[in-house]
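Okay, protein36.txt is below, compact mmCIF, C-alpha atoms and all ligand atoms:
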```txt
# COMPACT_ATOMS: atom_id res chain seq x y z
CA MET A 223 -36.14 11.62 20.01
CA SER A 224 -33.76 10.73 17.27
CA GLY A 225 -31.98 7.46 16.61
CA ASP A 226 -28.43 6.94 17.88
CA PHE A 227 -26.85 6.37 14.53
CA LEU A 228 -23.48 5.49 16.01
CA ALA A 229 -25.02 2.74 18.14
CA LEU A 230 -27.08 1.65 15.12
CA ALA A 231 -23.97 1.05 13.01
CA GLN A 232 -22.97 -2.60 12.94
CA ALA A 233 -20.71 -3.61 15.80
CA GLY A 234 -17.53 -3.96 13.72
CA VAL A 235 -17.97 -0.48 12.28
CA GLN A 236 -18.45 1.08 15.72
CA LYS A 237 -15.05 -0.28 16.71
CA LEU A 238 -13.25 1.21 13.70
CA SER A 239 -11.29 4.45 13.65
CA PRO A 240 -11.23 6.37 10.37
CA TYR A 241 -8.12 5.89 8.23
CA VAL A 242 -5.67 8.73 8.85
CA PRO A 243 -3.92 9.73 5.62
CA GLY A 244 -0.67 11.66 5.35
CA LYS A 245 -1.26 15.36 5.98
CA PRO A 246 -1.73 17.21 2.68
CA VAL A 247 0.77 20.00 1.91
CA ASP A 248 -1.98 22.60 1.48
CA GLU A 249 -3.51 21.73 4.85
CA LEU A 250 -0.21 22.31 6.66
CA ALA A 251 0.32 25.52 4.67
CA ARG A 252 -3.11 26.77 5.85
CA GLU A 253 -2.54 25.72 9.45
CA LEU A 254 0.91 27.31 9.81
CA ASN A 255 0.33 30.07 7.29
CA ILE A 256 3.46 29.17 5.34
CA ASP A 257 4.27 28.96 1.65
CA PRO A 258 3.32 25.47 0.34
CA ALA A 259 6.45 25.60 -1.83
CA ARG A 260 8.54 25.41 1.35
CA ILE A 261 6.84 22.24 2.58
CA ILE A 262 7.98 18.72 1.75
CA LYS A 263 5.74 15.71 2.12
CA LEU A 264 7.34 12.35 2.84
CA ALA A 265 4.20 10.88 4.33
CA SER A 266 2.32 8.75 1.82
CA ASN A 267 4.93 6.69 -0.02
CA GLU A 268 4.29 8.59 -3.21
CA ASN A 269 6.75 8.62 -6.09
CA PRO A 270 8.94 11.72 -5.63
CA MET A 271 9.68 11.87 -9.37
CA GLY A 272 6.07 12.71 -10.20
CA GLY A 273 4.16 10.72 -12.80
CA SER A 274 5.57 9.05 -15.88
CA PRO A 275 5.63 11.67 -18.70
CA ARG A 276 4.04 9.11 -20.99
CA ALA A 277 1.16 8.61 -18.56
CA LEU A 278 0.63 12.35 -18.29
CA ALA A 279 0.55 12.69 -22.08
CA ALA A 280 -1.97 9.85 -22.33
CA ILE A 281 -4.23 11.65 -19.86
CA ARG A 282 -4.12 14.87 -21.88
CA ASP A 283 -5.04 12.95 -25.02
CA ALA A 284 -8.00 11.29 -23.31
CA LEU A 285 -9.58 14.41 -21.80
CA ALA A 286 -12.11 14.86 -24.61
CA GLU A 287 -13.73 11.53 -23.72
CA LEU A 288 -14.52 12.53 -20.14
CA THR A 289 -18.24 12.78 -20.84
CA ARG A 290 -18.41 9.07 -21.65
CA TYR A 291 -18.44 6.23 -19.15
CA PRO A 292 -15.12 4.42 -19.08
CA ASP A 293 -14.68 0.91 -20.48
CA GLY A 294 -16.12 -0.96 -17.50
CA ASN A 295 -14.17 -4.07 -18.47
CA GLY A 296 -10.85 -2.24 -18.84
CA PHE A 297 -10.08 -4.26 -21.96
CA ASP A 298 -6.81 -2.57 -22.98
CA LEU A 299 -5.29 -2.48 -19.51
CA LYS A 300 -6.24 -6.09 -18.83
CA GLN A 301 -4.63 -7.14 -22.11
CA LEU A 302 -1.41 -5.35 -21.23
CA LEU A 303 -1.36 -6.67 -17.67
CA SER A 304 -2.07 -10.22 -18.76
CA ARG A 305 0.86 -10.14 -21.18
CA ARG A 306 3.16 -8.48 -18.68
CA CYS A 307 2.23 -10.86 -15.88
CA GLY A 308 1.96 -14.05 -17.92
CA VAL A 309 -1.68 -14.75 -17.05
CA GLU A 310 -4.94 -14.80 -19.02
CA PRO A 311 -7.02 -11.61 -19.18
CA ASN A 312 -9.78 -13.41 -17.25
CA GLN A 313 -7.40 -13.63 -14.28
CA VAL A 314 -7.11 -9.85 -13.98
CA THR A 315 -9.39 -7.69 -11.82
CA LEU A 316 -9.00 -3.91 -11.93
CA GLY A 317 -9.58 -1.78 -8.87
CA ASN A 318 -10.02 1.85 -7.90
CA GLY A 319 -6.61 1.61 -6.30
CA SER A 320 -5.63 -1.71 -4.84
CA ASN A 321 -7.58 -0.74 -1.73
CA ASP A 322 -10.67 -1.29 -3.86
CA ILE A 323 -9.46 -4.84 -4.59
CA LEU A 324 -9.07 -5.50 -0.85
CA GLU A 325 -12.57 -4.22 -0.21
CA ILE A 326 -14.10 -6.24 -3.04
CA VAL A 327 -12.43 -9.37 -1.65
CA ALA A 328 -13.92 -8.67 1.77
CA ARG A 329 -17.40 -8.07 0.35
CA ALA A 330 -17.25 -11.23 -1.71
CA TYR A 331 -15.79 -13.62 0.86
CA LEU A 332 -16.31 -12.27 4.39
CA ALA A 333 -19.48 -11.93 6.47
CA PRO A 334 -20.53 -12.01 10.13
CA GLY A 335 -19.32 -15.24 11.73
CA LEU A 336 -16.33 -15.45 9.35
CA ASN A 337 -12.91 -13.94 9.84
CA ALA A 338 -9.79 -12.62 8.15
CA VAL A 339 -6.28 -13.21 9.49
CA PHE A 340 -3.59 -10.55 9.27
CA SER A 341 -0.56 -9.40 11.23
CA GLU A 342 0.01 -6.92 13.99
CA HIS A 343 1.47 -3.67 12.50
CA ALA A 344 -0.14 -4.53 9.13
CA PHE A 345 -1.70 -2.16 6.60
CA ALA A 346 -4.61 -0.18 8.08
CA ILE A 347 -7.04 -1.09 5.32
CA TYR A 348 -7.22 -4.77 6.35
CA PRO A 349 -9.20 -4.19 9.58
CA ILE A 350 -11.35 -1.57 7.85
CA VAL A 351 -12.52 -3.81 5.00
CA THR A 352 -12.91 -6.80 7.34
CA GLN A 353 -14.95 -5.10 10.06
CA ALA A 354 -16.99 -3.09 7.55
CA VAL A 355 -18.67 -6.31 6.44
CA GLY A 356 -19.19 -7.52 10.00
CA ALA A 357 -16.44 -10.14 9.90
CA ASP A 358 -13.87 -10.65 12.66
CA ALA A 359 -10.22 -9.64 12.46
CA ARG A 360 -7.82 -12.26 13.82
CA VAL A 361 -4.54 -10.50 14.38
CA ALA A 362 -1.38 -12.62 14.61
CA LYS A 363 1.53 -11.30 16.69
CA ALA A 364 4.37 -9.85 14.63
CA LYS A 365 7.97 -11.02 14.94
CA ASP A 366 10.75 -8.40 14.80
CA TRP A 367 8.05 -6.02 13.45
CA GLY A 368 7.45 -8.30 10.45
CA HIS A 369 4.89 -10.94 9.53
CA ASP A 370 5.31 -14.17 11.51
CA LEU A 371 3.95 -16.53 8.87
CA PRO A 372 3.82 -19.61 11.17
CA ALA A 373 1.86 -17.54 13.71
CA MET A 374 -0.48 -16.44 10.93
CA LEU A 375 -0.98 -20.07 9.91
CA ALA A 376 -1.77 -20.94 13.52
CA ALA A 377 -4.36 -18.15 13.64
CA ILE A 378 -6.36 -19.66 10.78
CA ASP A 379 -9.47 -21.49 12.00
CA SER A 380 -12.49 -23.08 10.34
CA ASN A 381 -14.17 -19.66 9.97
CA THR A 382 -11.19 -18.04 8.24
CA ARG A 383 -11.87 -17.18 4.61
CA VAL A 384 -9.13 -14.65 3.85
CA VAL A 385 -5.53 -14.00 4.93
CA PHE A 386 -4.12 -10.55 4.15
CA ILE A 387 -0.34 -10.40 3.77
CA ALA A 388 1.69 -7.40 2.64
CA ASN A 389 5.17 -8.08 1.32
CA PRO A 390 6.90 -5.73 1.96
CA ASN A 391 4.60 -4.63 4.74
CA ASN A 392 3.48 -1.06 5.30
CA PRO A 393 4.29 0.72 7.67
CA THR A 394 7.18 -1.50 8.79
CA GLY A 395 8.90 -2.14 5.42
CA THR A 396 9.60 -5.71 6.58
CA TRP A 397 9.59 -8.58 4.11
CA PHE A 398 9.97 -12.32 3.77
CA GLY A 399 11.67 -14.36 1.07
CA PRO A 400 10.50 -16.89 -1.54
CA GLN A 401 11.05 -19.98 0.65
CA ALA A 402 8.96 -18.54 3.47
CA LEU A 403 6.09 -17.85 1.07
CA ALA A 404 6.36 -21.32 -0.48
CA ALA A 405 6.27 -22.97 2.94
CA PHE A 406 3.30 -20.83 3.98
CA LEU A 407 1.23 -21.51 0.86
CA ALA A 408 1.89 -25.23 1.16
CA GLU A 409 0.24 -25.22 4.60
CA VAL A 410 -2.71 -22.83 4.13
CA PRO A 411 -6.02 -24.72 3.81
CA GLU A 412 -7.09 -24.67 0.18
CA ASP A 413 -10.42 -22.98 0.98
CA VAL A 414 -8.69 -19.93 2.48
CA LEU A 415 -7.96 -17.11 0.04
CA VAL A 416 -4.45 -15.71 0.50
CA VAL A 417 -4.32 -12.05 -0.54
CA LEU A 418 -0.68 -11.21 -1.16
CA ASP A 419 -0.47 -7.43 -1.27
CA GLU A 420 2.55 -6.47 -3.38
CA ALA A 421 2.08 -2.70 -3.44
CA TYR A 422 5.86 -2.16 -3.31
CA ILE A 423 7.06 -5.12 -5.38
CA GLU A 424 8.50 -2.89 -8.11
CA TYR A 425 11.12 -1.65 -5.64
CA ALA A 426 12.42 -5.16 -4.99
CA GLU A 427 15.87 -5.90 -6.36
CA GLY A 428 17.39 -9.30 -6.90
CA GLY A 429 15.69 -12.36 -5.43
CA ASP A 430 15.08 -11.02 -1.94
CA LEU A 431 11.33 -10.96 -2.33
CA PRO A 432 9.17 -13.66 -3.88
CA ASP A 433 7.25 -12.73 -7.02
CA GLY A 434 3.74 -13.82 -6.10
CA LEU A 435 2.96 -14.47 -9.76
CA ASN A 436 5.27 -17.49 -9.68
CA PHE A 437 2.86 -19.20 -7.29
CA LEU A 438 -0.45 -18.46 -9.04
CA ALA A 439 -0.54 -21.55 -11.24
CA GLN A 440 0.07 -23.88 -8.30
CA TYR A 441 -2.27 -22.15 -5.83
CA PRO A 442 -5.81 -21.29 -7.02
CA ASN A 443 -6.39 -19.84 -3.52
CA LEU A 444 -3.77 -17.13 -4.09
CA LEU A 445 -4.58 -13.56 -5.14
CA VAL A 446 -1.78 -11.09 -5.83
CA SER A 447 -2.70 -7.42 -5.59
CA ARG A 448 -0.61 -4.60 -7.05
CA THR A 449 -0.94 -0.90 -7.62
CA PHE A 450 -0.06 2.01 -9.88
CA SER A 451 0.07 4.32 -6.84
CA LYS A 452 3.68 3.78 -5.79
CA ALA A 453 6.50 3.04 -8.27
CA TYR A 454 4.27 4.03 -11.22
CA GLY A 455 3.56 7.40 -9.63
CA LEU A 456 -0.22 7.55 -10.22
CA ALA A 457 -1.56 7.63 -6.64
CA SER A 458 -4.19 10.27 -7.29
CA LEU A 459 -5.77 8.42 -10.19
CA ARG A 460 -6.65 5.37 -8.07
CA VAL A 461 -5.81 2.28 -10.08
CA GLY A 462 -4.68 -1.13 -8.89
CA TYR A 463 -5.22 -4.71 -9.93
CA ALA A 464 -5.48 -8.28 -8.76
CA LEU A 465 -4.19 -11.44 -10.40
CA SER A 466 -5.95 -14.61 -9.35
CA SER A 467 -7.57 -17.75 -10.61
CA PRO A 468 -10.33 -17.12 -13.18
CA VAL A 469 -12.93 -18.29 -10.63
CA VAL A 470 -11.90 -15.76 -8.01
CA ALA A 471 -11.72 -13.05 -10.70
CA ASP A 472 -15.27 -13.95 -11.77
CA VAL A 473 -16.52 -13.65 -8.19
CA LEU A 474 -14.82 -10.27 -7.71
CA ASN A 475 -16.25 -9.08 -11.00
CA ARG A 476 -19.78 -9.74 -9.69
CA VAL A 477 -19.47 -7.39 -6.73
CA ARG A 478 -17.23 -4.59 -8.00
CA GLN A 479 -18.79 -1.33 -9.09
CA PRO A 480 -19.34 -1.44 -12.86
CA PHE A 481 -17.11 1.56 -13.63
CA ASN A 482 -14.69 1.34 -10.74
CA VAL A 483 -11.68 2.55 -12.76
CA ASN A 484 -12.08 5.85 -14.59
CA SER A 485 -11.02 6.46 -18.17
CA LEU A 486 -8.03 8.70 -17.35
CA ALA A 487 -6.72 6.13 -14.90
CA LEU A 488 -7.11 3.39 -17.53
CA VAL A 489 -5.13 5.19 -20.24
CA ALA A 490 -2.51 6.45 -17.81
CA ALA A 491 -1.97 2.98 -16.36
CA CYS A 492 -1.51 1.52 -19.86
CA ALA A 493 1.08 4.17 -20.69
CA ALA A 494 2.83 3.85 -17.33
CA LEU A 495 3.09 0.09 -17.71
CA ASP A 496 4.95 0.62 -20.98
CA ASP A 497 7.31 3.16 -19.43
CA VAL A 498 9.78 0.59 -18.11
CA ASP A 499 12.51 3.21 -17.95
CA PHE A 500 10.48 5.33 -15.51
CA VAL A 501 10.03 2.44 -13.11
CA ASP A 502 13.75 1.58 -13.37
CA ARG A 503 14.68 5.15 -12.52
CA SER A 504 12.18 5.14 -9.61
CA ARG A 505 13.82 2.01 -8.24
CA GLN A 506 17.33 3.47 -8.57
CA LEU A 507 16.36 6.78 -6.99
CA ASN A 508 14.78 4.85 -4.15
CA ALA A 509 17.87 2.73 -3.53
CA VAL A 510 20.09 5.83 -3.39
CA GLY A 511 17.61 7.66 -1.13
CA MET A 512 17.38 4.68 1.20
CA GLN A 513 21.15 4.73 1.67
CA GLN A 514 21.10 8.48 2.23
CA LEU A 515 18.42 8.19 4.93
CA GLU A 516 20.11 5.22 6.59
CA SER A 517 23.46 6.92 6.80
CA GLY A 518 21.85 10.14 8.06
CA MET A 519 19.95 8.28 10.76
CA ARG A 520 23.07 6.37 11.74
CA GLN A 521 24.83 9.70 12.26
CA LEU A 522 21.96 10.80 14.48
CA GLY A 523 22.41 7.63 16.53
CA LEU A 524 18.95 6.36 15.61
CA THR A 525 17.82 2.86 14.74
CA TRP A 526 15.27 1.89 12.12
CA ILE A 527 13.51 -1.16 10.77
CA PRO A 528 15.31 -2.44 7.65
CA SER A 529 12.98 -1.87 4.69
CA LYS A 530 12.61 -3.16 1.13
CA ALA A 531 9.97 -0.58 0.23
CA ASN A 532 10.06 3.15 -0.59
CA PHE A 533 9.82 4.23 3.04
CA ILE A 534 11.51 3.52 6.31
CA ALA A 535 10.23 3.40 9.90
CA VAL A 536 12.70 5.13 12.21
CA ASP A 537 12.71 4.71 15.99
CA VAL A 538 13.12 8.23 17.40
CA GLY A 539 13.92 6.80 20.84
CA ARG A 540 11.02 8.53 22.56
CA GLU A 541 7.34 9.18 21.99
CA ALA A 542 7.19 10.12 18.31
CA ALA A 543 4.11 12.39 18.33
CA PRO A 544 5.93 15.53 19.56
CA VAL A 545 8.76 14.86 17.08
CA TYR A 546 6.17 14.63 14.30
CA GLU A 547 4.70 17.97 15.41
CA GLY A 548 8.17 19.53 15.56
CA LEU A 549 8.88 18.37 12.02
CA LEU A 550 5.61 19.89 10.82
CA ARG A 551 6.75 23.25 12.18
CA GLU A 552 9.91 22.80 10.07
CA GLY A 553 7.68 22.23 7.03
CA VAL A 554 8.41 18.50 6.86
CA ILE A 555 5.47 16.08 6.79
CA VAL A 556 6.13 12.47 7.73
CA ARG A 557 3.76 9.85 9.08
CA PRO A 558 3.14 9.05 12.74
CA VAL A 559 2.36 5.36 13.21
CA ALA A 560 1.16 5.13 16.82
CA GLY A 561 -2.15 3.84 15.44
CA TYR A 562 -0.24 0.81 14.15
CA GLY A 563 1.12 0.00 17.61
CA MET A 564 4.40 1.84 16.91
CA PRO A 565 4.34 4.90 19.21
CA ASN A 566 8.12 5.54 19.03
CA HIS A 567 8.43 5.28 15.24
CA LEU A 568 7.88 7.69 12.39
CA ARG A 569 7.43 6.42 8.86
CA VAL A 570 9.37 8.44 6.30
CA SER A 571 8.86 8.03 2.56
CA ILE A 572 12.02 8.20 0.51
CA GLY A 573 12.09 11.45 -1.41
CA LEU A 574 14.40 13.26 -3.79
CA PRO A 575 17.95 13.71 -2.43
CA ALA A 576 17.25 17.33 -1.45
CA GLU A 577 14.04 16.31 0.35
CA ASN A 578 15.85 13.56 2.24
CA SER A 579 18.48 16.07 3.33
CA ARG A 580 15.84 18.50 4.52
CA PHE A 581 14.16 15.80 6.52
CA LEU A 582 17.45 14.77 8.17
CA GLU A 583 18.32 18.38 9.01
CA ALA A 584 14.87 19.02 10.43
CA LEU A 585 14.96 15.79 12.44
CA ASN A 586 18.36 16.70 13.85
CA LYS A 587 17.06 20.11 14.86
CA VAL A 588 13.87 18.79 16.46
CA LEU A 589 15.64 16.01 18.37
CA ALA A 590 18.34 18.41 19.60
CA ARG A 591 15.63 20.58 21.18
CA GLY A 592 14.85 17.58 23.38
C1 LIG A 601 -0.06 2.05 -0.63
C2 LIG A 601 -0.52 0.66 -0.36
C3 LIG A 601 -1.49 0.07 -1.17
C4 LIG A 601 -1.98 0.79 -2.38
O1 LIG A 601 -3.10 1.46 -2.21
P1 LIG A 601 -3.84 2.03 -3.51
O2 LIG A 601 -5.26 1.89 -3.12
O3 LIG A 601 -3.49 1.15 -4.65
O4 LIG A 601 -3.36 3.42 -3.68
C5 LIG A 601 -1.88 -1.22 -0.92
N1 LIG A 601 -1.32 -1.92 0.06
C6 LIG A 601 -0.35 -1.42 0.83
C7 LIG A 601 0.29 -2.28 1.87
C8 LIG A 601 0.06 -0.11 0.66
O5 LIG A 601 0.99 0.42 1.44
```

Could you render the structure from this file as structure tokens?
Ligand SMILES: *Cc1c(COP(=O)(O)O)cnc(C)c1O
Amino acid sequence: MSGDFLALAQAGVQKLSPYVPGKPVDELARELNIDPARIIKLASNENPMGGSPRALAAIRDALAELTRYPDGNGFDLKQLLSRRCGVEPNQVTLGNGSNDILEIVARAYLAPGLNAVFSEHAFAIYPIVTQAVGADARVAKAKDWGHDLPAMLAAIDSNTRVVFIANPNNPTGTWFGPQALAAFLAEVPEDVLVVLDEAYIEYAEGGDLPDGLNFLAQYPNLLVSRTFSKAYGLASLRVGYALSSPVVADVLNRVRQPFNVNSLALVAACAALDDVDFVDRSRQLNAVGMQQLESGMRQLGLTWIPSKANFIAVDVGREAAPVYEGLLREGVIVRPVAGYGMPNHLRVSIGLPAENSRFLEALNKVLARG
């Protein structure tokens, strides 16, 4: 007799499904026996320009120090971030990607009997970190695919400790404006931590999206999380950060792993933060690519969810799984989102102009086959 180690897992974990990442290029190349150079991946919202050259140079310079533990306090990066964001260094928490921040928050503030509130169609990591610590997920209905902030407020009860909000949201690309955030924060009980996940904030133009940092001084129960994985082009290195009150930062610092951000990630993030030009060009390329995809989808007679991020969720007008498979056979990897309650949508990351064209051609071909 051996133990049933699925049944022995805590109840919340038994109910989880593993996170499904975008299919790696090499995996598709192996499966279809095709040249990886002929495959394009628009599946993980990565920066199609590659990394900032300054960040890559910083990594090369730091290689000799690989045998040493990294600076567990991330002094240099915290200094830079605090200046850039207008906060004190003791308000900055570094994470192994911003997913690490979300997990640290859950470990510090959630437990069995407590709950986290988030939206339908929200980022897949929120239920994972919540249920992994035995807490309950309270899912508020979405409105027009986006966060319904009044419904999220209504979902908060006396056992709620955390609200996870992504603005823009992934995988929908939906967003809300500064007034909506202000109204929401004014109503949230002060003992509920609001985690505002701004993974795509660098793509925002004009005043369409609130800058969460503007609300930090007024709301000690606000935490803003950001990442170097998207506009900064460093997804593989795993580095993100949180800005919060010093008290929340102190709590997170108690539970994080001591060396959660490696030395190459630290130096690369410092260099990337200084490369303002790279982020500007990323934003411009994204805006142009968004228009290209929108006009291409319009020509195909498709509808999509308007997006302020570096991806777009297109409604293929039928079950999307076979369309996804058809695109794979054309060497185009996008992201199916049925697991997010969106069985007719595919999420497409905005690529280089030539990649966007290839996607549109492949989509046209696959849809025409019926
Ligand atoms: C991509 C993404 C992140 C960033 O994840 P990292 O761990 O920093 O790579 C966080 N939140 C959302 C909503 C995302 O889409």

Selected residue, from A:Ala376, A:Gly561, A:Gly296, A:Asp496, that lies nearest to A:Pro240 when counting only C-alpha atoms: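 Ranked by minimum distance to A:Pro240, first place goes to A:Gly561.
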
Closest of A:Leu418, A:Leu522, A:Met512, A:Ala487 to A:Leu285, counting all atoms listed in the file, is A:Ala487

Selection within 10 Å of ligand LIG 601 (chain A) by all atoms listed in the file, output as a PyMOL selection string
chain A and resi 266-268+317-325+344-348+386-395+418-422+447-452+455-463+531-533

Sorted per-residue table, stretch 265-347 of chain A near stretch 360-368 of chain A, closest atoms and distance, 7 Å, only C-alpha atoms, as CSV:
```
residue,atom,partner,partner_atom,distance
A:Asn337,CA,A:Arg360,CA,6.7
A:Ala338,CA,A:Arg360,CA,6.0
A:Val339,CA,A:Arg360,CA,4.7
A:Phe340,CA,A:Val361,CA,5.2
A:Ser341,CA,A:Ala362,CA,4.7
A:Glu342,CA,A:Ala364,CA,5.3
```

**Item:** Nearby residues (only C-alpha atoms) at most 12 Å from A:Gly308, same-chain spacing under 6 positions excluded, as JSON, numbers by chain
**Value:** {"A": [300, 301, 302, 314, 434, 435, 436, 437, 438, 439, 465, 466]}

Atom pair atom CA of A:Leu254 / atom CA of A:Glu552: separation (Å):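 Interatomic distance, atom CA of A:Leu254 to atom CA of A:Glu552: 10.1 Å.
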